[in-house]
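Data block below; observations after.
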Amino acid sequence: MSNSDNSKVEVRIPTILRPYTGGAKLVSAQGSTLRDVISDLDASHTGLAERLLDGGALRRFINLYVNDEDVRFIGGLDLVLKDGDSITILPAVAGGC
Amino acid sequence: MVLHISAQLVAQIWDEAEAVHPDEACGVIAGTIGSDLPTRHIPMVNAAHSPTFYEFESADLLRLYREFDDRDEEPVVIYHSHTSTEAHPSRTDIAYAAEPGAHYVLVSTREEIASRSEFRSFRIVDGVVTEEEVVLI
């Protein structure tokens with residue numbers, strides 16, 4: 001099950017990015033790493049990767065979680081995924097004067 | 001567009017902003033999805049602990065949105081305080097605004113003005129800011 005070349009995962013899409021998924025809140029994707037999954041998402045939902053990545057790195061104000069862990073603390077985009085992993089995308093709530 | 005909000009919730013936002021001053025305070029008022037009515041106040045820790053910036057802590061943010069899912073809620077109001085400038089969205093606020101359906105409330109706790117005198121609400125959609133009326137209910 002684990003470390004397969006193409007793990008199947010579920011991705012929760014935040015409201016602001018649902019125009020890319022035809023309104024869907026939950027979509028399926030596959031890939032060996034988080035980076036692969038984002039590529040796969042972009043293949044089905046063109047433009048989504050651009051909203052998540054900047055120059056190949058995760059945008060500062062996008063939070064990505066795998067099984068409720070912020071990926072910044074557990075391996076980032078190179079994190080190897082397992083079948084059934086649950087990914088959540090949430091834009092940061094932030095600002096400043 | 002109008003924000004309808006109870007005087008009690010307005011007072012709670014002010015209490016939070018004054019308690020956290022001189023850092024920026026931040027939080028959410030949740031309501032049932034589609035109701036456009038803010039009912040449940042959730043003050044959030046400003047992870048930046050800064051007078052010029054606010055950010056919900058990453059784990060808190062996830063917990064918050066899980067709660068929304070479980071309770072069929074959404075963030076009806078997202079608020080924060082400006083502690084030395086007017087209660088108007090800054091360029092940073094506009095760049096990060098990611099809830100086109102939310103009322104973005106700003107309050108100012110700067111010392112040059114009367115206390116609790118600037119409470120304003122805005123829509124921020126695709127980088128465009130529109131101020132709206134605030135009606136107490």
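Following the order of the structure tokens, chains are lettered A, B, ..., residues in each are numbered from 1, and ligands are numbered from 1.
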Exercise. Pull out every residue of chain A that has at least one atom within 12 Å of chain B, counting only C-alpha atoms, and report them as a ChimeraX atom specification.
Key: /A:12-18,25,51,59-73,87-97
Output C-alpha atoms of each residue in that selection to a file, as a PDB file, in the first residue's frame.
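Listing of selection_25.pdb after writing:
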ATOM      1  CA  ARG A  12     -10.154  19.313  -0.186  1.00  0.00           C
ATOM      2  CA  ILE A  13     -10.464  22.488  -2.216  1.00  0.00           C
ATOM      3  CA  PRO A  14     -11.138  25.854  -0.533  1.00  0.00           C
ATOM      4  CA  THR A  15     -14.003  28.035  -1.730  1.00  0.00           C
ATOM      5  CA  ILE A  16     -11.782  30.477  -3.585  1.00  0.00           C
ATOM      6  CA  LEU A  17     -10.243  27.720  -5.740  1.00  0.00           C
ATOM      7  CA  ARG A  18     -13.471  25.866  -6.511  1.00  0.00           C
ATOM      8  CA  LYS A  25     -15.145  20.678  -2.704  1.00  0.00           C
ATOM      9  CA  ARG A  51      -2.402  29.289  -7.485  1.00  0.00           C
ATOM     10  CA  ARG A  59       3.300  30.014  -2.015  1.00  0.00           C
ATOM     11  CA  ARG A  60       3.835  31.719   1.314  1.00  0.00           C
ATOM     12  CA  PHE A  61       0.146  32.247   1.954  1.00  0.00           C
ATOM     13  CA  ILE A  62      -1.107  28.826   0.939  1.00  0.00           C
ATOM     14  CA  ASN A  63      -1.292  26.204   3.650  1.00  0.00           C
ATOM     15  CA  LEU A  64      -1.209  22.543   2.609  1.00  0.00           C
ATOM     16  CA  TYR A  65      -1.985  19.786   5.066  1.00  0.00           C
ATOM     17  CA  VAL A  66      -1.565  16.037   4.680  1.00  0.00           C
ATOM     18  CA  ASN A  67      -3.666  14.126   7.190  1.00  0.00           C
ATOM     19  CA  ASP A  68      -3.989  17.317   9.236  1.00  0.00           C
ATOM     20  CA  GLU A  69      -0.243  18.023   9.380  1.00  0.00           C
ATOM     21  CA  ASP A  70       1.096  21.218   7.823  1.00  0.00           C
ATOM     22  CA  VAL A  71       3.417  19.965   5.082  1.00  0.00           C
ATOM     23  CA  ARG A  72       5.954  22.674   5.872  1.00  0.00           C
ATOM     24  CA  PHE A  73       6.825  20.636   8.954  1.00  0.00           C
ATOM     25  CA  ILE A  87      -4.850  16.618   1.542  1.00  0.00           C
ATOM     26  CA  THR A  88      -6.365  19.947   2.540  1.00  0.00           C
ATOM     27  CA  ILE A  89      -5.608  23.259   0.856  1.00  0.00           C
ATOM     28  CA  LEU A  90      -6.344  26.391   2.882  1.00  0.00           C
ATOM     29  CA  PRO A  91      -5.342  29.939   2.032  1.00  0.00           C
ATOM     30  CA  ALA A  92      -3.858  31.685   5.047  1.00  0.00           C
ATOM     31  CA  VAL A  93      -6.018  34.226   6.821  1.00  0.00           C
ATOM     32  CA  ALA A  94      -3.564  37.080   7.094  1.00  0.00           C
ATOM     33  CA  GLY A  95      -2.961  40.738   6.454  1.00  0.00           C
ATOM     34  CA  GLY A  96      -1.455  43.815   7.947  1.00  0.00           C
ATOM     35  CA  CYS A  97      -1.591  47.557   7.989  1.00  0.00           C
TER      36      CYS A  97
END
Practice problem: Please identify all polymer residues within 9 Å of Asp85 in chain A, counting only C-alpha atoms, omitting same-chain residues fewer than 5 positions from it, and present them as a list in words. | Solution: Ser7, Lys8, Val9, Glu10, Val11, Val66 and Asn67 of chain A
Quiz prompt | Atomic distance CA of Ile38 in chain A - CA of Glu50 in chain A, expressed in Å with one decimal | solution =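 Straight-line distance from CA of Ile38 in chain A to CA of Glu50 in chain A works out to 9.7 Å.
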Self-check item: For CA of Thr39 in chain B and CA of Ala25 in chain B, the interatomic separation in Å (one decimal)
Solution: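 For CA of Thr39 in chain B relative to CA of Ala25 in chain B, the distance reads 18.8 Å.
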What's around Trp14 in chain B at 9 Å? Count only C-alpha atoms, leave out sequence neighbours fewer than 4 positions away in its own chain, and write the answer as a PDB file with C-alpha atoms, in the first residue's frame.
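Output below, filename around_2.pdb:
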ATOM      1  CA  LEU B   9     -20.827  40.816  18.600  1.00  0.00           C
ATOM      2  CA  VAL B  10     -19.582  44.293  17.735  1.00  0.00           C
ATOM      3  CA  GLU B  18      -8.502  46.446  22.927  1.00  0.00           C
ATOM      4  CA  ALA B  19      -7.208  43.425  24.833  1.00  0.00           C
ATOM      5  CA  SER B  81      -7.606  45.562  14.006  1.00  0.00           C
ATOM      6  CA  VAL B 107     -11.513  48.310  13.482  1.00  0.00           C
ATOM      7  CA  THR B 109      -7.536  51.186  17.911  1.00  0.00           C
ATOM      8  CA  ARG B 116     -14.591  52.450  19.442  1.00  0.00           C
ATOM      9  CA  PHE B 119     -15.750  49.950  12.801  1.00  0.00           C
TER      10      PHE B 119
END
Would you please extract all strand (DSSP E or B) residues from chain A, as assigned by DSSP on the backbone, and give them as a PDB file with C-alpha atoms, in the first residue's frame?
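Written file, states_15.pdb:
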ATOM      1  CA  SER A   7      -0.826   6.881  -4.513  1.00  0.00           C
ATOM      2  CA  LYS A   8      -4.471   7.816  -4.771  1.00  0.00           C
ATOM      3  CA  VAL A   9      -5.402  10.704  -2.527  1.00  0.00           C
ATOM      4  CA  GLU A  10      -8.299  13.041  -1.847  1.00  0.00           C
ATOM      5  CA  VAL A  11      -7.895  16.794  -1.913  1.00  0.00           C
ATOM      6  CA  ARG A  12     -10.154  19.313  -0.186  1.00  0.00           C
ATOM      7  CA  LEU A  26     -13.408  17.306  -2.781  1.00  0.00           C
ATOM      8  CA  VAL A  27     -11.461  15.936  -5.747  1.00  0.00           C
ATOM      9  CA  SER A  28      -9.325  12.853  -6.344  1.00  0.00           C
ATOM     10  CA  ALA A  29      -5.758  12.956  -7.540  1.00  0.00           C
ATOM     11  CA  GLN A  30      -2.752  10.704  -7.693  1.00  0.00           C
ATOM     12  CA  GLY A  31       0.993  10.892  -7.494  1.00  0.00           C
ATOM     13  CA  THR A  33       4.774  12.935  -3.914  1.00  0.00           C
ATOM     14  CA  LEU A  53       3.116  27.292  -6.359  1.00  0.00           C
ATOM     15  CA  ASP A  54       5.455  30.118  -7.202  1.00  0.00           C
ATOM     16  CA  ALA A  57       7.815  26.388  -4.240  1.00  0.00           C
ATOM     17  CA  LEU A  58       4.689  26.479  -2.141  1.00  0.00           C
ATOM     18  CA  ILE A  62      -1.107  28.826   0.939  1.00  0.00           C
ATOM     19  CA  ASN A  63      -1.292  26.204   3.650  1.00  0.00           C
ATOM     20  CA  LEU A  64      -1.209  22.543   2.609  1.00  0.00           C
ATOM     21  CA  TYR A  65      -1.985  19.786   5.066  1.00  0.00           C
ATOM     22  CA  VAL A  66      -1.565  16.037   4.680  1.00  0.00           C
ATOM     23  CA  GLU A  69      -0.243  18.023   9.380  1.00  0.00           C
ATOM     24  CA  ASP A  70       1.096  21.218   7.823  1.00  0.00           C
ATOM     25  CA  VAL A  80       5.901  10.811  -0.248  1.00  0.00           C
ATOM     26  CA  SER A  86      -6.152  13.276   2.753  1.00  0.00           C
ATOM     27  CA  ILE A  87      -4.850  16.618   1.542  1.00  0.00           C
ATOM     28  CA  THR A  88      -6.365  19.947   2.540  1.00  0.00           C
ATOM     29  CA  ILE A  89      -5.608  23.259   0.856  1.00  0.00           C
ATOM     30  CA  LEU A  90      -6.344  26.391   2.882  1.00  0.00           C
ATOM     31  CA  PRO A  91      -5.342  29.939   2.032  1.00  0.00           C
ATOM     32  CA  ALA A  94      -3.564  37.080   7.094  1.00  0.00           C
ATOM     33  CA  GLY A  95      -2.961  40.738   6.454  1.00  0.00           C
TER      34      GLY A  95
END
Self-check item: Computed interatomic separation between CA of Ile5 in chain B and CA of Ile137 in chain B (Å)
Solution: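 CA of Ile137 in chain B lies at a distance of 5.7 Å from CA of Ile5 in chain B.
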Exercise. Select from chain A everything DSSP, run on the backbone, classes as alpha helix (DSSP H), then give the selection as a list of chain:residue names.
Key: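 Taking chain A and keeping alpha helix (DSSP H) gives A:Leu34, A:Arg35, A:Asp36, A:Val37, A:Ile38, A:Ser39, A:Asp40, A:Leu41, A:Asp42, A:Ala43, A:Ser44, A:Leu48, A:Ala49, A:Glu50, A:Arg51, A:Leu52.
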Exercise. Using only C-alpha atoms, pick whichever of B:Val134, B:Ile42, B:Val77, B:Ala11 has the shortest atom-to-atom distance to Ala102 in chain B.
Key: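 Of the candidates, the smallest distance to Ala102 in chain B is held by B:Val77.
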Quiz item: Pick the closest to Gly75 in chain A from A:Arg35, A:Pro19, A:Thr46, A:Asp40: which is it, counting only C-alpha atoms?
Solution: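 Nearest candidate to Gly75 in chain A out of A:Arg35, A:Pro19, A:Thr46, A:Asp40: A:Arg35.
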